[in-house]
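Student: Just passing along the structure, written as structure tokens.
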Amino acid sequence: MHTIMIVDDQKDIGHLVGTLLRYAGHQSVWVEDGRKALELISHAPPNLVLLDIMMPNMSGFEVLEELRSDEAHNNLRVVMLTAVADAAMQEKARKLGANDYLVKGSDWDEMLVRIERQLKCA
């Protein structure tokens, strides 16, 4: 069983994705804030992080930058999970070190396949 951290300021999304992950046999932790996510990751890193981009106080891009600049977490698998289906945002996420980019509300089965693919690399 893998542990997947969901970082999203929308509680409904956190619970929905968490339910899908549990159904697929994974443990999930929902965190509503980028700073709190970084704090939790420093103490107990998950196998994978699903990271929203647009959040108050600290964007997903800022969280990703911090993770990639920290040698201890540089190889942590990070998948952006966002409502923004913009090619420029996807490119920015990849340049910052995201391992994949998923759009909320798209095919949930495909999302699980891509998450499983990332977990195999972890």
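Please note that chains go A, B, ... in the order of the structure tokens, that every chain numbers its residues from 1, and that ligands are numbered from 1 in the order shown.
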I want to know what sits within 7 Å of range 35-49 of chain A, based on only C-alpha atoms, with residues of the same chain fewer than 6 positions away left out; could you give that as a short mmCIF file (atom, residue, chain, number, x, y, z; two decimals) with N, CA, C and O atoms, in the first residue's frame?

Tutor:
```cif
data_model
loop_
_atom_site.label_atom_id
_atom_site.label_comp_id
_atom_site.auth_asym_id
_atom_site.auth_seq_id
_atom_site.Cartn_x
_atom_site.Cartn_y
_atom_site.Cartn_z
N HIS A 2 0.56 2.16 -0.87
CA HIS A 2 1.30 3.42 -0.97
C HIS A 2 0.54 4.53 -0.26
O HIS A 2 -0.69 4.49 -0.17
N THR A 3 1.29 5.51 0.19
CA THR A 3 0.68 6.70 0.79
C THR A 3 0.79 7.84 -0.21
O THR A 3 1.88 8.14 -0.70
N ILE A 4 -0.34 8.45 -0.49
CA ILE A 4 -0.41 9.55 -1.45
C ILE A 4 -0.95 10.78 -0.74
O ILE A 4 -2.01 10.72 -0.11
N MET A 5 -0.21 11.88 -0.84
CA MET A 5 -0.64 13.14 -0.24
C MET A 5 -1.37 13.96 -1.29
O MET A 5 -0.86 14.17 -2.39
N ILE A 6 -2.56 14.41 -0.95
CA ILE A 6 -3.37 15.27 -1.80
C ILE A 6 -3.27 16.67 -1.22
O ILE A 6 -3.68 16.91 -0.08
N VAL A 7 -2.71 17.60 -2.00
CA VAL A 7 -2.57 18.98 -1.54
C VAL A 7 -3.52 19.82 -2.37
O VAL A 7 -3.27 20.08 -3.55
N MET A 58 0.39 29.88 -0.77
CA MET A 58 1.53 29.27 -1.45
C MET A 58 1.01 28.42 -2.60
O MET A 58 0.29 27.45 -2.38
N LEU A 76 11.07 12.92 -4.93
CA LEU A 76 9.68 12.61 -4.59
C LEU A 76 8.82 12.79 -5.84
O LEU A 76 8.93 13.78 -6.55
N ARG A 77 7.98 11.81 -6.12
CA ARG A 77 7.10 11.88 -7.28
C ARG A 77 6.00 12.90 -7.01
O ARG A 77 5.31 12.83 -5.99
N VAL A 78 5.86 13.87 -7.93
CA VAL A 78 4.87 14.93 -7.79
C VAL A 78 4.06 15.01 -9.08
O VAL A 78 4.61 15.16 -10.17
N VAL A 79 2.75 14.90 -8.93
CA VAL A 79 1.82 15.01 -10.05
C VAL A 79 0.93 16.22 -9.78
O VAL A 79 0.28 16.30 -8.75
N LEU A 119 3.79 5.66 -9.30
CA LEU A 119 4.15 4.87 -8.11
C LEU A 119 5.16 3.79 -8.44
O LEU A 119 6.01 3.46 -7.61
N ALA A 122 8.51 5.28 -8.19
CA ALA A 122 8.91 5.81 -6.87
C ALA A 122 9.87 4.88 -6.15
O ALA A 122 9.94 3.72 -6.36
#
```

Student: Can you list, as a list of chain:residue names, every protein, DNA or RNA residue that comes within 12 Å of Gln10 in chain A when you count only C-alpha atoms, leaving out same-chain residues fewer than 2 positions away?

Tutor: A:Ile6, A:Val7, A:Asp8, A:Asp12, A:Ile13, A:Gly14, A:His15, A:Leu16, A:Val17, A:Trp30, A:Val31, A:Glu32, A:Asp33, A:Leu51, A:Asp52, A:Ile53, A:Met54, A:Met55, A:Pro56, A:Leu81, A:Thr82, A:Ala83, A:Lys104

Student: Let me make sure I understand: among A:Glu116, A:Glu110, A:Glu65, A:Glu71, which one has the smallest atom-to-atom distance to Lys95 in chain A if we use only C-alpha atoms?

Tutor: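 Of A:Glu116, A:Glu110, A:Glu65, A:Glu71, the one nearest Lys95 in chain A, counting only C-alpha atoms, is A:Glu65.
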
Student: Kindly indicate which residue among A:Met1, A:Asp9, A:Asn74, A:Gln118 lies nearest to His26 in chain A, using only C-alpha atoms for the distances.

Tutor: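 So, comparing all the options, the nearest one is A:Met1.
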
Student: DSSP says strand (DSSP E or B) for which residues of range 8-106 of chain A? Put them as a list in words?

Tutor: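 Reading the DSSP output for range 8-106 of chain A, strand (DSSP E or B) covers Gln27, Ser28, Val29, Trp30, Val31, Leu48, Val49, Leu50, Leu51, Arg77, Val78, Val79, Met80, Leu81, Thr82, Asp100, Tyr101, Leu102 and Val103 of chain A.
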
Student: Can you work out which one of A:Gly25, A:Asp86, A:Leu96, A:Asp107 has the shortest atom-to-atom distance to Val63 in chain A, counting only C-alpha atoms?

Tutor: A:Leu96

Student: Near Leu112 in chain A, within 9 Å and counting only C-alpha atoms, which residues show up once chain neighbours fewer than 6 positions away are dropped, as a ChimeraX atom specification?

Tutor: /A:20-21,24

Student: Write the residues of the preceding selection, restricted to C-alpha atoms, as an mmCIF file, in the first residue's frame.

Tutor:
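That gives us result.cif:
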```
data_model
loop_
_atom_site.group_PDB
_atom_site.id
_atom_site.type_symbol
_atom_site.label_atom_id
_atom_site.label_comp_id
_atom_site.auth_asym_id
_atom_site.auth_seq_id
_atom_site.Cartn_x
_atom_site.Cartn_y
_atom_site.Cartn_z
ATOM 1 C CA LEU A 20 -10.818 7.091 -5.302
ATOM 2 C CA LEU A 21 -7.318 6.339 -4.042
ATOM 3 C CA ALA A 24 -7.623 1.619 -5.627
#
```

Student: Would you pick out the contacts of Glu91 in chain A at 12 Å or less, using only C-alpha atoms, so that residues sharing its chain but fewer than 4 positions from it are not included, and give the list as a list in words?

Tutor: Phe61, Met80, Ala85, Asp86, Ala87, Lys95, Leu96, Gly97, Ala98, Asn99, Asp100 and Tyr101 of chain A

Student: Pull all heavy atoms from the residues just selected and write them as a PDB file, in the first residue's frame.

Tutor:
```pdb
ATOM      1  N   PHE A  61       3.087  25.616  -7.617  1.00  0.00           N
ATOM      2  CA  PHE A  61       4.391  25.823  -8.239  1.00  0.00           C
ATOM      3  C   PHE A  61       5.455  26.148  -7.188  1.00  0.00           C
ATOM      4  O   PHE A  61       6.578  25.662  -7.269  1.00  0.00           O
ATOM      5  CB  PHE A  61       4.333  26.953  -9.272  1.00  0.00           C
ATOM      6  CG  PHE A  61       3.607  26.582 -10.542  1.00  0.00           C
ATOM      7  CD1 PHE A  61       2.801  27.508 -11.167  1.00  0.00           C
ATOM      8  CD2 PHE A  61       3.729  25.326 -11.122  1.00  0.00           C
ATOM      9  CE1 PHE A  61       2.139  27.201 -12.349  1.00  0.00           C
ATOM     10  CE2 PHE A  61       3.068  24.995 -12.297  1.00  0.00           C
ATOM     11  CZ  PHE A  61       2.274  25.943 -12.906  1.00  0.00           C
ATOM     12  N   MET A  80       0.941  17.153 -10.711  1.00  0.00           N
ATOM     13  CA  MET A  80       0.067  18.309 -10.585  1.00  0.00           C
ATOM     14  C   MET A  80      -1.358  17.841 -10.883  1.00  0.00           C
ATOM     15  O   MET A  80      -1.596  17.128 -11.872  1.00  0.00           O
ATOM     16  CB  MET A  80       0.466  19.416 -11.572  1.00  0.00           C
ATOM     17  CG  MET A  80       1.932  19.847 -11.479  1.00  0.00           C
ATOM     18  SD  MET A  80       2.547  20.233  -9.824  1.00  0.00           S
ATOM     19  CE  MET A  80       1.835  21.843  -9.554  1.00  0.00           C
ATOM     20  N   ALA A  85      -6.264  23.536 -17.616  1.00  0.00           N
ATOM     21  CA  ALA A  85      -5.830  22.702 -18.743  1.00  0.00           C
ATOM     22  C   ALA A  85      -5.080  23.553 -19.764  1.00  0.00           C
ATOM     23  O   ALA A  85      -5.327  23.479 -20.964  1.00  0.00           O
ATOM     24  CB  ALA A  85      -7.037  22.023 -19.386  1.00  0.00           C
ATOM     25  N   ASP A  86      -4.154  24.352 -19.298  1.00  0.00           N
ATOM     26  CA  ASP A  86      -3.425  25.298 -20.128  1.00  0.00           C
ATOM     27  C   ASP A  86      -2.038  24.748 -20.475  1.00  0.00           C
ATOM     28  O   ASP A  86      -1.296  24.320 -19.583  1.00  0.00           O
ATOM     29  CB  ASP A  86      -3.306  26.624 -19.362  1.00  0.00           C
ATOM     30  CG  ASP A  86      -2.556  27.670 -20.131  1.00  0.00           C
ATOM     31  OD1 ASP A  86      -3.094  28.173 -21.126  1.00  0.00           O
ATOM     32  OD2 ASP A  86      -1.410  27.977 -19.729  1.00  0.00           O
ATOM     33  N   ALA A  87      -1.681  24.772 -21.749  1.00  0.00           N
ATOM     34  CA  ALA A  87      -0.395  24.215 -22.192  1.00  0.00           C
ATOM     35  C   ALA A  87       0.786  24.936 -21.543  1.00  0.00           C
ATOM     36  O   ALA A  87       1.791  24.304 -21.189  1.00  0.00           O
ATOM     37  CB  ALA A  87      -0.291  24.272 -23.708  1.00  0.00           C
ATOM     38  N   LYS A  95       8.920  22.027 -16.346  1.00  0.00           N
ATOM     39  CA  LYS A  95      10.219  22.687 -16.166  1.00  0.00           C
ATOM     40  C   LYS A  95      10.613  22.754 -14.692  1.00  0.00           C
ATOM     41  O   LYS A  95      11.793  22.699 -14.358  1.00  0.00           O
ATOM     42  CB  LYS A  95      10.210  24.079 -16.780  1.00  0.00           C
ATOM     43  CG  LYS A  95      10.302  24.054 -18.284  1.00  0.00           C
ATOM     44  CD  LYS A  95      10.374  25.439 -18.866  1.00  0.00           C
ATOM     45  CE  LYS A  95      10.514  25.360 -20.376  1.00  0.00           C
ATOM     46  NZ  LYS A  95      10.591  26.670 -21.005  1.00  0.00           N
ATOM     47  N   LEU A  96       9.621  22.881 -13.817  1.00  0.00           N
ATOM     48  CA  LEU A  96       9.896  22.931 -12.379  1.00  0.00           C
ATOM     49  C   LEU A  96      10.128  21.545 -11.785  1.00  0.00           C
ATOM     50  O   LEU A  96      10.525  21.429 -10.639  1.00  0.00           O
ATOM     51  CB  LEU A  96       8.753  23.635 -11.644  1.00  0.00           C
ATOM     52  CG  LEU A  96       8.619  25.131 -11.914  1.00  0.00           C
ATOM     53  CD1 LEU A  96       7.354  25.687 -11.262  1.00  0.00           C
ATOM     54  CD2 LEU A  96       9.849  25.884 -11.413  1.00  0.00           C
ATOM     55  N   GLY A  97       9.842  20.503 -12.561  1.00  0.00           N
ATOM     56  CA  GLY A  97      10.128  19.155 -12.092  1.00  0.00           C
ATOM     57  C   GLY A  97       8.931  18.274 -11.789  1.00  0.00           C
ATOM     58  O   GLY A  97       9.089  17.218 -11.171  1.00  0.00           O
ATOM     59  N   ALA A  98       7.745  18.669 -12.226  1.00  0.00           N
ATOM     60  CA  ALA A  98       6.573  17.800 -12.028  1.00  0.00           C
ATOM     61  C   ALA A  98       6.744  16.530 -12.848  1.00  0.00           C
ATOM     62  O   ALA A  98       7.247  16.576 -13.972  1.00  0.00           O
ATOM     63  CB  ALA A  98       5.292  18.522 -12.433  1.00  0.00           C
ATOM     64  N   ASN A  99       6.320  15.417 -12.293  1.00  0.00           N
ATOM     65  CA  ASN A  99       6.422  14.141 -12.992  1.00  0.00           C
ATOM     66  C   ASN A  99       5.258  13.884 -13.939  1.00  0.00           C
ATOM     67  O   ASN A  99       5.377  13.101 -14.874  1.00  0.00           O
ATOM     68  CB  ASN A  99       6.533  12.995 -11.986  1.00  0.00           C
ATOM     69  CG  ASN A  99       7.760  13.141 -11.125  1.00  0.00           C
ATOM     70  OD1 ASN A  99       7.667  13.534  -9.968  1.00  0.00           O
ATOM     71  ND2 ASN A  99       8.915  12.857 -11.683  1.00  0.00           N
ATOM     72  N   ASP A 100       4.133  14.551 -13.689  1.00  0.00           N
ATOM     73  CA  ASP A 100       2.977  14.419 -14.572  1.00  0.00           C
ATOM     74  C   ASP A 100       2.033  15.579 -14.272  1.00  0.00           C
ATOM     75  O   ASP A 100       2.212  16.309 -13.287  1.00  0.00           O
ATOM     76  CB  ASP A 100       2.269  13.070 -14.368  1.00  0.00           C
ATOM     77  CG  ASP A 100       1.441  12.648 -15.584  1.00  0.00           C
ATOM     78  OD1 ASP A 100       1.222  13.453 -16.508  1.00  0.00           O
ATOM     79  OD2 ASP A 100       1.004  11.476 -15.597  1.00  0.00           O
ATOM     80  N   TYR A 101       1.030  15.750 -15.115  1.00  0.00           N
ATOM     81  CA  TYR A 101       0.082  16.860 -15.007  1.00  0.00           C
ATOM     82  C   TYR A 101      -1.294  16.316 -15.352  1.00  0.00           C
ATOM     83  O   TYR A 101      -1.518  15.844 -16.467  1.00  0.00           O
ATOM     84  CB  TYR A 101       0.494  17.958 -15.989  1.00  0.00           C
ATOM     85  CG  TYR A 101      -0.218  19.272 -15.845  1.00  0.00           C
ATOM     86  CD1 TYR A 101       0.401  20.348 -15.222  1.00  0.00           C
ATOM     87  CD2 TYR A 101      -1.494  19.473 -16.361  1.00  0.00           C
ATOM     88  CE1 TYR A 101      -0.227  21.573 -15.113  1.00  0.00           C
ATOM     89  CE2 TYR A 101      -2.137  20.688 -16.257  1.00  0.00           C
ATOM     90  CZ  TYR A 101      -1.492  21.747 -15.632  1.00  0.00           C
ATOM     91  OH  TYR A 101      -2.117  22.963 -15.518  1.00  0.00           O
TER      92      TYR A 101
END
```

Student: When DSSP works through the backbone of this structure, what residues of chain A end up as alpha helix (DSSP H), shown as a ChimeraX atom specification?

Tutor: /A:11-23,34-43,60-69,87-96,108-121

Student: Separation of CA of Lys11 in chain A and CA of Leu64 in chain A, in Å?

Tutor: 20.5 Å

Student: Would you work out the distance separating CA of Arg117 in chain A from CA of Leu50 in chain A, expressed in Å to one decimal?

Tutor: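 That distance, rounded to one decimal, is 13.4 Å.
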
Student: Looking at A:Lys92, A:Ser28, A:Gly34, A:Tyr23, which one is nearest to Asn57 in chain A, with distances taken over only C-alpha atoms?

Tutor: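 For Asn57 in chain A, the nearest of the candidates is A:Gly34.
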